[in-house]
Structures are given as C-alpha cells and as structure tokens.
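Next comes target_33.txt, with compact mmCIF, C-alpha atoms.
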```
# COMPACT_ATOMS: atom_id res chain seq x y z
CA MET A 231 -28.29 -13.39 16.48
CA GLU A 232 -24.70 -14.43 17.11
CA ALA A 233 -22.09 -12.09 15.65
CA GLN A 234 -20.11 -13.45 12.71
CA ARG A 235 -16.64 -14.64 13.74
CA LYS A 236 -13.97 -12.59 11.99
CA ILE A 237 -11.64 -14.30 9.56
CA LEU A 238 -8.49 -14.02 11.70
CA GLU A 239 -10.09 -14.06 15.12
CA GLY A 240 -7.89 -16.08 17.48
CA ILE A 241 -4.68 -15.25 15.58
CA LYS A 242 -2.05 -13.28 17.49
CA VAL A 243 0.43 -11.02 15.72
CA VAL A 244 3.47 -9.39 17.31
CA GLU A 245 4.63 -6.38 15.30
CA LEU A 246 8.19 -5.17 15.87
CA ALA A 247 8.13 -2.62 13.09
CA ASN A 248 7.98 1.07 12.34
CA TYR A 249 7.04 3.42 9.51
CA VAL A 250 4.67 1.82 6.98
CA ALA A 251 5.54 -1.21 4.84
CA ALA A 252 5.61 -3.86 7.58
CA PRO A 253 2.89 -2.25 9.77
CA ILE A 254 0.52 -2.52 6.78
CA ILE A 255 0.47 -6.28 7.44
CA GLY A 256 -0.57 -5.69 11.05
CA ARG A 257 -3.27 -3.23 9.99
CA ILE A 258 -4.91 -5.73 7.65
CA CYS A 259 -4.59 -8.53 10.20
CA ALA A 260 -6.25 -6.33 12.83
CA ASP A 261 -9.06 -5.43 10.41
CA MET A 262 -9.66 -9.15 9.94
CA GLY A 263 -9.93 -9.77 13.66
CA ALA A 264 -6.41 -10.74 14.73
CA GLU A 265 -4.96 -9.44 17.99
CA VAL A 266 -2.04 -7.29 16.91
CA ILE A 267 0.44 -6.12 19.53
CA LYS A 268 2.62 -3.33 18.21
CA ILE A 269 5.94 -3.09 20.06
CA GLU A 270 7.28 0.47 20.13
CA GLY A 271 10.67 1.47 21.46
CA ARG A 272 11.55 4.65 23.29
CA GLY A 273 9.63 7.60 21.85
CA GLY A 274 7.36 5.33 19.84
CA ASP A 275 7.24 4.47 16.16
CA ALA A 276 9.08 7.25 14.31
CA TRP A 277 6.16 7.43 11.87
CA ARG A 278 4.04 8.97 14.64
CA ALA A 279 6.06 12.18 14.54
CA THR A 280 6.65 12.15 10.77
CA SER A 281 2.98 11.66 9.94
CA ALA A 282 1.80 14.24 12.47
CA GLY A 283 4.20 16.68 10.85
CA HIS A 284 2.45 16.21 7.50
CA THR A 285 -0.97 17.06 8.93
CA GLN A 286 0.34 19.63 11.43
CA THR A 287 -1.57 17.94 14.25
CA GLY A 288 -0.78 16.33 17.58
CA PHE A 289 -0.41 12.61 18.21
CA ASP A 290 -4.05 12.45 19.32
CA GLU A 291 -5.21 13.46 15.83
CA ASN A 292 -2.88 11.62 13.51
CA PRO A 293 -4.79 10.06 10.59
CA LEU A 294 -1.67 9.32 8.53
CA PHE A 295 -0.39 7.19 11.42
CA ASP A 296 -3.82 5.71 12.07
CA LEU A 297 -4.13 4.69 8.42
CA PHE A 298 -1.53 1.97 9.00
CA ASN A 299 -2.07 1.26 12.69
CA VAL A 300 -5.73 1.35 13.72
CA GLY A 301 -7.02 -1.69 15.57
CA LYS A 302 -3.70 -2.59 17.18
CA LYS A 303 -2.50 -2.58 20.79
CA SER A 304 0.62 -0.59 21.63
CA LEU A 305 3.23 -1.97 24.03
CA SER A 306 6.18 0.29 24.78
CA LEU A 307 9.12 -2.05 25.23
CA ASN A 308 12.86 -1.52 25.56
CA MET A 309 14.29 -4.44 23.61
CA LYS A 310 17.83 -3.67 24.79
CA ASN A 311 16.75 -4.30 28.36
CA GLU A 312 16.96 -7.95 29.45
CA LYS A 313 13.55 -7.78 31.10
CA GLY A 314 12.17 -6.19 27.99
CA LYS A 315 13.55 -9.01 25.88
CA GLU A 316 12.10 -11.54 28.32
CA ILE A 317 8.66 -9.99 27.81
CA PHE A 318 9.17 -10.14 24.07
CA PHE A 319 9.84 -13.87 24.23
CA GLN A 320 6.80 -14.31 26.47
CA LEU A 321 4.72 -12.68 23.75
CA LEU A 322 6.14 -14.99 21.11
CA LYS A 323 5.09 -18.06 23.08
CA GLY A 324 1.47 -17.34 22.25
CA ALA A 325 2.03 -15.63 18.91
CA ASP A 326 1.24 -16.97 15.47
CA ILE A 327 3.03 -14.30 13.46
CA LEU A 328 5.99 -11.98 14.10
CA VAL A 329 6.30 -9.04 11.70
CA THR A 330 9.42 -6.89 11.61
CA ASN A 331 11.29 -4.49 9.37
CA THR A 332 14.26 -4.23 11.73
CA ARG A 333 17.49 -4.73 9.81
CA ASN A 334 18.90 -8.22 10.14
CA GLN A 335 22.19 -7.21 11.76
CA SER A 336 20.21 -5.53 14.53
CA LEU A 337 18.04 -8.63 14.97
CA VAL A 338 21.20 -10.78 15.17
CA LYS A 339 22.71 -8.42 17.75
CA LEU A 340 19.58 -8.74 19.88
CA GLY A 341 19.47 -12.51 19.38
CA ILE A 342 16.01 -12.41 17.85
CA ASP A 343 16.77 -13.14 14.20
CA TYR A 344 15.06 -16.11 12.59
CA ASP A 345 17.94 -18.55 12.93
CA SER A 346 18.29 -17.72 16.61
CA ILE A 347 14.67 -18.35 17.56
CA LYS A 348 13.19 -20.73 14.96
CA ASN A 349 13.75 -23.86 17.08
CA ARG A 350 12.45 -22.16 20.20
CA PHE A 351 9.21 -21.15 18.45
CA PRO A 352 8.68 -23.78 15.73
CA ARG A 353 5.08 -22.75 14.94
CA LEU A 354 5.91 -19.06 14.58
CA ILE A 355 5.65 -17.44 11.17
CA PHE A 356 8.59 -15.02 11.06
CA VAL A 357 7.93 -12.16 8.61
CA THR A 358 10.46 -9.57 7.53
CA LEU A 359 10.26 -6.67 5.11
CA THR A 360 13.66 -5.36 4.05
CA GLY A 361 14.93 -2.63 1.76
CA TYR A 362 16.88 -4.76 -0.71
CA GLY A 363 16.74 -8.43 0.32
CA TYR A 364 19.10 -10.73 2.22
CA GLU A 365 21.77 -11.18 -0.45
CA GLY A 366 24.04 -8.86 -2.42
CA PRO A 367 26.14 -5.81 -1.56
CA ASP A 368 23.20 -3.74 -0.28
CA CYS A 369 21.52 -6.39 1.88
CA ASN A 370 22.13 -4.35 5.03
CA ALA A 371 21.34 -0.95 3.53
CA PRO A 372 18.40 1.01 4.95
CA GLY A 373 15.50 1.45 2.57
CA PHE A 374 12.52 3.75 2.13
CA ASP A 375 10.01 3.33 -0.66
CA ASN A 376 10.92 6.53 -2.53
CA ILE A 377 14.37 5.05 -3.24
CA ALA A 378 14.06 1.26 -3.01
CA PHE A 379 10.61 0.94 -4.63
CA TRP A 380 10.27 3.94 -6.96
CA SER A 381 13.78 5.08 -7.87
CA ARG A 382 16.01 2.02 -8.11
CA PRO A 383 13.60 -0.11 -10.22
CA GLY A 384 13.47 2.70 -12.80
CA PHE A 385 10.09 4.37 -12.44
CA SER A 386 11.15 7.78 -11.11
CA ALA A 387 13.67 8.50 -13.88
CA ASP A 388 11.95 6.82 -16.82
CA MET A 389 8.53 8.33 -16.13
CA ALA A 390 9.91 11.87 -15.89
CA ILE A 391 9.20 14.11 -18.89
CA ASP A 392 12.56 15.62 -19.82
CA SER A 393 11.72 19.17 -20.80
CA ALA A 394 12.13 22.68 -19.46
CA GLY A 395 10.37 23.10 -16.15
CA SER A 396 9.61 19.40 -15.72
CA TYR A 397 10.95 17.10 -13.02
CA PRO A 398 10.48 13.56 -11.70
CA VAL A 399 7.16 13.01 -9.93
CA ASN A 400 7.53 12.79 -6.17
CA SER A 401 6.11 9.58 -4.69
CA ARG A 402 3.68 10.45 -1.92
CA TYR A 403 2.80 9.06 1.49
CA ALA A 404 4.15 5.53 1.32
CA MET A 405 2.47 4.27 -1.85
CA GLY A 406 5.26 1.75 -2.50
CA ASP A 407 5.22 0.71 1.15
CA THR A 408 1.50 0.02 0.90
CA ILE A 409 1.90 -2.12 -2.21
CA ALA A 410 4.81 -4.07 -0.71
CA GLY A 411 3.12 -4.65 2.64
CA THR A 412 -0.17 -5.69 1.08
CA THR A 413 1.60 -8.14 -1.22
CA LEU A 414 3.59 -9.61 1.67
CA PHE A 415 0.37 -9.98 3.66
CA GLY A 416 -0.82 -12.47 1.03
CA ALA A 417 2.33 -14.55 1.47
CA VAL A 418 1.87 -14.48 5.26
CA MET A 419 -1.62 -15.90 4.88
CA ALA A 420 -0.25 -18.65 2.62
CA ALA A 421 2.31 -19.52 5.32
CA LEU A 422 -0.44 -19.54 7.94
CA TYR A 423 -2.46 -21.95 5.80
CA GLN A 424 0.57 -24.19 5.29
CA ARG A 425 1.21 -24.24 9.04
CA GLU A 426 -2.31 -25.51 9.61
CA LYS A 427 -1.41 -28.54 7.50
CA SER A 428 2.21 -29.11 8.57
CA GLY A 429 2.21 -27.77 12.11
CA ARG A 430 5.37 -25.77 11.46
CA GLY A 431 5.94 -22.08 10.94
CA ASP A 432 8.11 -20.54 8.24
CA PHE A 433 10.29 -17.61 7.32
CA VAL A 434 8.52 -15.19 4.93
CA THR A 435 10.30 -12.17 3.52
CA MET A 436 10.08 -9.51 0.86
CA SER A 437 11.96 -6.35 -0.01
CA LEU A 438 10.83 -2.95 -1.22
CA TYR A 439 13.23 -3.29 -4.15
CA GLY A 440 11.85 -6.69 -5.12
CA ALA A 441 8.31 -5.36 -4.86
CA GLY A 442 9.24 -2.47 -7.15
CA ILE A 443 10.78 -4.79 -9.75
CA TRP A 444 7.64 -6.95 -9.65
CA ASN A 445 5.23 -4.02 -9.95
CA PHE A 446 7.16 -2.33 -12.76
CA GLY A 447 7.91 -5.67 -14.39
CA GLY A 448 6.16 -4.87 -17.65
CA SER A 449 8.32 -1.83 -18.23
CA ILE A 450 11.49 -3.66 -17.17
CA VAL A 451 10.74 -6.46 -19.65
CA MET A 452 10.21 -3.91 -22.43
CA ALA A 453 13.56 -2.29 -21.61
CA GLU A 454 15.54 -5.48 -22.23
CA LYS A 455 17.13 -6.38 -25.55
CA PRO A 456 16.01 -6.71 -28.27
CA TYR A 457 12.98 -4.51 -27.41
CA CYS A 458 14.86 -1.57 -25.85
CA HIS A 459 11.62 0.37 -25.42
CA GLU A 460 12.18 4.09 -24.98
CA PHE A 461 10.96 5.76 -21.79
CA PRO A 462 9.19 8.01 -21.08
CA GLU A 463 6.76 7.37 -23.89
CA LYS A 464 6.17 10.45 -26.00
CA ARG A 465 2.79 12.19 -26.11
CA ASN A 466 2.03 10.81 -29.57
CA PHE A 467 2.98 7.24 -28.75
CA GLY A 468 0.41 4.48 -28.44
CA ILE A 469 -3.25 4.09 -29.32
CA ALA A 470 -4.52 7.64 -29.80
CA MET A 471 -8.02 6.76 -28.55
CA ASN A 472 -6.55 5.67 -25.22
CA LEU A 473 -4.50 8.75 -24.39
CA ALA A 474 -5.55 11.41 -21.90
CA TYR A 475 -7.11 14.59 -23.26
CA ARG A 476 -7.85 17.94 -21.65
CA CYS A 477 -11.47 19.06 -21.81
CA ALA A 478 -13.09 22.50 -21.92
CA ASP A 479 -13.28 22.68 -18.11
CA GLY A 480 -9.54 22.07 -17.77
CA GLU A 481 -9.99 18.50 -16.52
CA TRP A 482 -8.50 15.45 -18.23
CA ILE A 483 -10.28 12.27 -19.32
CA ARG A 484 -9.17 9.11 -21.07
CA CYS A 485 -10.86 6.19 -22.79
CA THR A 486 -9.66 2.60 -23.08
CA ILE A 487 -10.41 0.76 -26.31
CA PHE A 488 -8.66 -2.45 -27.43
CA GLU A 489 -11.40 -3.89 -29.70
CA TYR A 490 -11.17 -1.69 -32.79
CA ASP A 491 -14.00 -3.22 -34.81
CA ARG A 492 -16.39 -3.09 -31.86
CA TYR A 493 -15.81 0.43 -30.56
CA ALA A 494 -13.75 2.61 -32.91
CA HIS A 495 -16.68 3.69 -35.09
CA LYS A 496 -18.63 4.75 -31.98
CA PHE A 497 -15.64 6.77 -30.79
CA TYR A 498 -15.24 8.45 -34.19
CA GLU A 499 -18.93 9.34 -34.36
CA ALA A 500 -18.85 10.81 -30.85
CA LEU A 501 -15.97 13.07 -31.86
CA ASP A 502 -17.34 13.62 -35.41
CA VAL A 503 -14.00 12.56 -36.92
CA THR A 504 -15.11 9.57 -39.03
CA GLU A 505 -14.19 11.19 -42.34
CA GLN A 506 -10.86 12.43 -41.03
CA MET A 507 -9.90 8.97 -39.82
CA ALA A 508 -10.91 7.50 -43.18
CA SER A 509 -8.81 10.05 -45.06
CA LEU A 510 -5.81 9.10 -42.89
CA GLY A 511 -6.42 5.44 -43.68
CA VAL A 512 -6.98 4.43 -40.04
CA THR A 513 -8.59 1.00 -40.11
CA SER A 514 -6.92 -0.76 -37.15
CA LEU A 515 -5.13 -0.14 -33.86
CA PRO A 516 -1.65 -0.75 -35.35
CA ILE A 517 -2.31 1.87 -38.03
CA MET A 518 -3.62 4.27 -35.39
CA MET A 519 -0.37 3.83 -33.46
CA GLU A 520 1.69 4.44 -36.59
CA LYS A 521 -0.18 7.67 -37.37
CA ALA A 522 -0.60 8.92 -33.80
CA GLU A 523 1.40 12.07 -34.53
CA SER A 524 -1.28 13.18 -37.02
CA ILE A 525 -4.27 11.89 -35.04
CA VAL A 526 -3.55 13.19 -31.53
CA PRO A 527 -3.80 16.93 -32.43
CA ILE A 528 -7.20 16.25 -34.03
CA TYR A 529 -8.51 14.61 -30.88
CA GLU A 530 -7.02 17.32 -28.69
CA ARG A 531 -8.96 20.03 -30.52
CA VAL A 532 -12.24 18.11 -30.32
CA PHE A 533 -11.99 17.18 -26.62
CA ALA A 534 -11.30 20.83 -25.80
CA THR A 535 -14.77 21.79 -27.06
CA LYS A 536 -16.79 20.12 -24.27
CA PRO A 537 -16.44 19.84 -20.48
CA SER A 538 -15.35 16.51 -18.99
CA SER A 539 -18.82 15.78 -17.55
CA GLU A 540 -20.37 15.95 -21.02
CA TRP A 541 -17.75 13.67 -22.54
CA LEU A 542 -18.18 11.16 -19.73
CA LYS A 543 -21.91 11.03 -20.37
CA ILE A 544 -21.38 10.56 -24.12
CA PHE A 545 -18.98 7.66 -23.69
CA SER A 546 -21.03 6.07 -20.94
CA ASP A 547 -24.05 5.98 -23.26
CA LEU A 548 -21.87 4.31 -25.90
CA ASP A 549 -20.58 1.72 -23.39
CA ILE A 550 -17.01 2.89 -23.96
CA VAL A 551 -14.72 2.67 -20.93
CA CYS A 552 -13.87 6.24 -19.95
CA GLY A 553 -12.89 8.03 -16.81
CA ARG A 554 -11.81 11.41 -15.55
CA LEU A 555 -8.31 11.87 -14.16
CA ASN A 556 -9.56 12.58 -10.66
CA HIS A 557 -7.83 14.49 -7.92
CA PHE A 558 -7.21 12.84 -4.55
CA GLY A 559 -9.78 15.15 -3.00
CA ASP A 560 -12.43 13.97 -5.45
CA VAL A 561 -12.29 10.47 -3.94
CA LEU A 562 -13.56 11.81 -0.62
CA GLU A 563 -16.87 12.71 -2.30
CA ASP A 564 -17.11 9.77 -4.68
CA GLN A 565 -20.41 7.92 -4.17
CA GLN A 566 -18.87 4.73 -5.53
CA ALA A 567 -16.18 4.77 -2.84
CA TRP A 568 -18.71 5.31 -0.05
CA ALA A 569 -21.22 2.78 -1.41
CA ASN A 570 -18.59 0.04 -1.19
CA GLU A 571 -17.16 1.35 2.10
CA TYR A 572 -13.75 1.85 0.56
CA LEU A 573 -13.79 4.92 2.77
CA GLN A 574 -15.09 4.99 6.35
CA THR A 575 -15.32 7.62 9.04
CA TYR A 576 -13.65 7.07 12.40
CA ARG A 577 -12.82 9.12 15.48
CA CYS A 578 -9.31 10.18 16.36
CA THR A 579 -8.18 9.92 19.97
CA ASN A 580 -9.13 13.57 20.51
CA GLY A 581 -12.65 12.90 19.20
CA ALA A 582 -12.24 14.53 15.79
CA GLU A 583 -14.12 12.69 13.05
CA ARG A 584 -11.93 11.93 10.05
CA ILE A 585 -11.92 9.61 7.01
CA LEU A 586 -9.71 6.57 6.41
CA PRO A 587 -9.45 4.16 3.48
CA THR A 588 -10.25 0.56 4.30
CA ALA A 589 -8.48 -2.60 3.17
CA PRO A 590 -10.01 -3.24 -0.28
CA VAL A 591 -10.76 -6.98 0.11
CA ARG A 592 -14.22 -8.28 0.91
CA PHE A 593 -15.55 -11.59 2.28
CA GLY A 594 -19.10 -12.70 1.62
CA SER A 595 -19.45 -13.70 5.26
CA GLN A 596 -18.02 -10.46 6.63
CA GLY A 597 -18.90 -7.47 4.49
CA ALA A 598 -16.56 -4.48 4.53
CA LEU A 599 -13.72 -4.66 7.04
CA LYS A 600 -14.30 -2.04 9.72
CA VAL A 601 -11.81 0.64 10.70
CA GLY A 602 -10.47 -0.06 14.18
CA LYS A 603 -9.66 2.37 16.98
CA PRO A 604 -6.50 4.47 16.95
CA VAL A 605 -3.87 3.67 19.54
CA MET A 606 -1.53 5.94 21.50
CA PHE A 607 2.06 5.04 22.34
CA GLY A 608 2.18 2.49 25.17
CA GLU A 609 -1.57 2.69 25.68
CA ASN A 610 -1.94 -1.05 26.26
CA ASN A 611 1.11 -1.75 28.43
CA GLN A 612 -0.84 -2.86 31.48
CA GLU A 613 -3.41 -4.83 29.48
CA VAL A 614 -0.81 -6.77 27.47
CA LEU A 615 1.43 -7.51 30.45
CA ALA A 616 -1.49 -8.55 32.62
CA ALA A 617 -2.56 -10.99 29.90
CA LEU A 618 0.92 -12.52 30.12
CA GLY A 619 0.35 -13.13 33.83
CA TYR A 620 2.19 -10.18 35.37
CA SER A 621 0.62 -8.60 38.45
CA LEU A 622 0.25 -4.85 38.90
CA GLU A 623 3.17 -4.89 41.32
CA GLU A 624 5.33 -6.77 38.84
CA ILE A 625 4.36 -4.40 36.05
CA GLN A 626 5.45 -1.46 38.20
CA LYS A 627 8.80 -3.14 38.85
CA ILE A 628 9.19 -3.80 35.12
CA SER A 629 8.59 -0.13 34.45
CA ASP A 630 11.00 0.95 37.18
CA ALA A 631 13.66 -1.33 35.69
CA GLY A 632 13.46 0.55 32.39
CA ALA A 633 12.00 -2.34 30.42
CA LEU A 634 9.10 -0.27 29.13
CA GLY A 635 9.89 2.33 26.49
```
Rewrite the coordinates I just gave you, this time as structure tokens.
Amino acid sequence: MEAQRKILEGIKVVELANYVAAPIIGRICADMGAEVIKIEGRGGDAWRATSAGHTQTGFDENPLFDLFNVGKKSLSLNMKNEKGKEIFFQLLKGADILVTNTRNQSLVKLGIDYDSIKNRFPRLIFVTLTGYGYEGPDCNAPGFDNIAFWSRPGFSADMAIDSAGSYPVNSRYAMGDTIAGTTLFGAVMAALYQREKSGRGDFVTMSLYGAGIWNFGGSIVMAEKPYCHEFPEKRNFGIAMNLAYRCADGEWIRCTIFEYDRYAHKFYEALDVTEQMASLGVTSLPIMMEKAESIVPIYERVFATKPSSEWLKIFSDLDIVCGRLNHFGDVLEDQQAWANEYLQTYRCTNGAERILPTAPVRFGSQGALKVGKPVMFGENNQEVLAALGYSLEEIQKISDAGALG
C-alpha cells in the first residue's frame, strides 16, 4: 500500500533563526513533511547551549533543543562571507518559505531584508518574528518571551499575589515563544494558500509583544475604562464553585459550572451544603459571586475532607466538569496524552530514549504527526550543498574559504 503523502511534502523552508519562537514554525513544517533547512552561524544556534545547560547534558542529548528542531537539516553557514551569502541565495531560489527572527537592521545590513529581495524571489513567503513589531520606539529592541510576551502585556505583574513571601511567577521554557510561533505558523499557511491562487509570495510578520496582547486580550479589555477590573483577582472573587480547592491529599482540584439551574444542585448535594446555600440565599451565579466571601470558606472545609481522586470520581459521576491541578510530571504518565500521541518517544543523537510533545493538530488523512530525528550542528552541510549542485571539491573549497560556520 502506498504511503500517505504528507501535508507539506514538496514544500521547502529555509530557517534563518535561533532560540525558539521562529524555529517553532520550522518544527511544525517539518512534522508535516516539509524540507526544513536550518541555517546556523558560527557555534550554532545559541539555544543549543542554553537548552543543554537546563538539562545538564551534552549536545547529543538535548531534548529541549530537539523539542523545537527535530526533523530539520542543519547547514552551518557564515552569512557575513560572500560565498556564504551566495549559498543562501541559492537556497532561496528553490524555497517556498523563509523564516527568520534576525533583527531587521541586521537583515538590511546583510542585504537580505524583505524589500531587498522581494523582487528577486517573487514567490517567496518571507516570515519574520520580532520582539515588538516594525513600528514605534522599540522596533529594533531585542526581545525574549519573558519580557515581550509575559511582562510588557501585563501578565507577570497583574497575576502576582502581593503578599509576604509571594513573587511574580517565572515563565518557563519558552511558553510565550511557543504560542507566538504556533500562531504565526497559521498565518504562514494562509500566505502559502494565497500564493497558490495568486502566484506571488508575501511578507508575514508577528511580534512577541503583539502575541502577548492578543493572548491576554480579555484581561486587557477588562482593565480599560469604565471597567477598571482589579488584578490579581482576590481568592474570594468569582463563582465560588469554579475556584480551585485543596483536597485531603494536598492536591488541588477545580470544577467549572456556568449553568446554575442544571448543575448547582448536584454540586451542593455532593458537598452536602444544600441547606447552607439556601440559608445564604444563593439561587444564581450572580448571587454566588456577591457572597463568595462567605461561601468559599465553607467549600474549603468540605474539600479538605476527601482526597482529590475521590472528588474527581464524585464529579465525574455527576457529569460536572472537574480536573486536578496537575504537575508537569503527571503529564508524562497521563494515559490520555499517550492515547492521542500528544507525547511520543524518540531517540537522542547519543541513543538515549526520551519523550517529546508533538504538534497538537491532527489530520484525518495523516494521524498524529511523528517526531522527527534530532540534528547536530552542520550535520547536513554536504547533503544540502550537493543538492544545490556543488561537487565535493567545491564544497571543500567553500569550507576552506570560511563560508561554512
């Protein structure tokens, strides 16, 4: 039986990017069957060393790097070398998509910004991911997600509980980058579709700051006048049934109920608080919100009498949406994650078997996207250059001339 053709098979992506946000696009493209050539300068993508430092491993066992780069080919290329730039342009001749997070002034200096090359490569989709966008006083400022995505849009300060011993939560391992890159990937696919109709490429861009504003948009809207919503929300704010509660085993769970008449009586019976709620005059969600200060302590005492597993079973039987506040490590043993192949095993370059998350989308014709192979710095130099028509002798001369990183 003939193997199913992958969604992006035949598409060629050139990735001139480091760290995470822009390389996320290349990772998803590679998972979907595109040929993704990752250009790395001298020393390689800086994320290789940073990520290996987090796991205290060598480059040949680097799952935090692999998470955003499996399935690609690595070409070490010195873009400041004229021969290196010539090779870059050779790659673009056959490319469908160029992805970069290089700051625009650096692209202009190299002569590879969009305006400089758009007429030379009219079918190319030129994709950039910046810190703060192309306009305004900070358009050339460097950006990482902990500042541009989490801090500047308001989340880090407004979600911090201001009390003794508390502090703002630290964003971890490129969460904002992942959201921004995945969102931009969707726009890239729209541009690819449009090119199929018009025959012309386009310029597609996004910033970490813009992605943060979009993702935290609900809170930003609530902060504007006349609403002036106060952040962080206090413990006793909101629908008391929907808050998180600590159970007897020390774990937290929370329910989600927005249809009072349909579910509230079940919730009350499960907690044996029907009479107490009646005495407080709680007959709707708005009233529950008004009286949360009196209700929350009641629920806290009741939830503390049973372990989380027992509460989860109770609410599941009542068809009430409820979940435990899991730990990251719990996901690695979650049958639901494995059943849907949201997690897959793969082998690092050194042969160690590890686990990686997969891109969460699914196609009926494809099934789960498979985790590709990890790639070492410059591993595919000869393969990529040979595909461009360079002989082994020419490749050696290119290397000797300092064009390879």
Leaving out range 478-483 of chain A and any residue of its chain fewer than 3 positions from it, which residues lie within 7 Å of it when counting only C-alpha atoms, given as a PyMOL selection string?
chain A and resi 474-475+534-538+553-555
Give me the residues near Asp261 in chain A as number ranges by chain, where near means some atom within 8 Å (using all atoms listed in the file) and where sequence neighbours in that chain fewer than 3 positions away do not count.
A: 257-258, 264, 301, 589, 599-602
Could you check the closest approach to Pro590 in chain A for each of A:Glu571, A:Glu454, A:Glu312, A:Glu426 and tell me which residue wins, using all atoms listed in the file?
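Between A:Glu571, A:Glu454, A:Glu312, A:Glu426, the residue approaching Pro590 in chain A most closely is A:Glu571.
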Could you check which of A:Lys455, A:Lys310, A:Arg476, A:Lys268 is closest to Gly608 in chain A, using all atoms listed in the file?
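Looking only at the distances to Gly608 in chain A, the closest residue turns out to be A:Lys268.
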State, in Å with one decimal place, the distance from CA of Leu501 in chain A to CA of Ile528 in chain A.
9.6 Å
When you count all atoms listed in the file, which of these residues is closest to Val434 in chain A: A:Gly324, A:Gly447, A:Gly363, A:Pro253?
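So, comparing all the options, the nearest one is A:Gly363.
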Extract, using all atoms listed in the file, all DNA, RNA and protein residues at most 7 Å from Leu515 in chain A, discarding same-chain residues fewer than 2 positions from it, and format them as a short mmCIF file (atom, residue, chain, number, x, y, z; two decimals) with C-alpha atoms, in the coordinates of the input.
```
data_model
loop_
_atom_site.label_atom_id
_atom_site.label_comp_id
_atom_site.auth_asym_id
_atom_site.auth_seq_id
_atom_site.Cartn_x
_atom_site.Cartn_y
_atom_site.Cartn_z
CA ILE A 469 -3.25 4.09 -29.32
CA TYR A 490 -11.17 -1.69 -32.79
CA ILE A 517 -2.31 1.87 -38.03
CA MET A 518 -3.62 4.27 -35.39
CA MET A 519 -0.37 3.83 -33.46
#
```
Which polymer residues have any atom within 12 Å of an atom of Phe298 in chain A, counting only C-alpha atoms, with same-chain residues fewer than 6 positions away left out, as JSON, numbers by chain?
{"A": [247, 248, 249, 250, 251, 252, 253, 254, 255, 256, 257, 258, 259, 260, 261, 268, 275, 277, 278, 281, 292, 403, 404, 405, 407, 408, 411, 412, 586, 587, 588, 589, 601, 602, 603, 604, 605]}
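Minimum atom-to-atom distances from A:Glu530, A:Asp547, A:Glu489, A:Glu245 to Asn331 in chain A were compared using all atoms listed in the file, and the lowest value belongs to A:Glu245.
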Please determine, counting all atoms listed in the file, which residue among A:Ala470, A:Arg350, A:Lys313, A:Thr575 has the shortest atom-to-atom distance to Leu562 in chain A.
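Closest residue, counting all atoms listed in the file: A:Thr575.
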Non-local contacts of Met389 in chain A (12 Å; all atoms listed in the file; under 3 positions in same chain excluded) as a PyMOL selection string:
chain A and resi 380-381+383-386+392+396-401+446+449+460-464
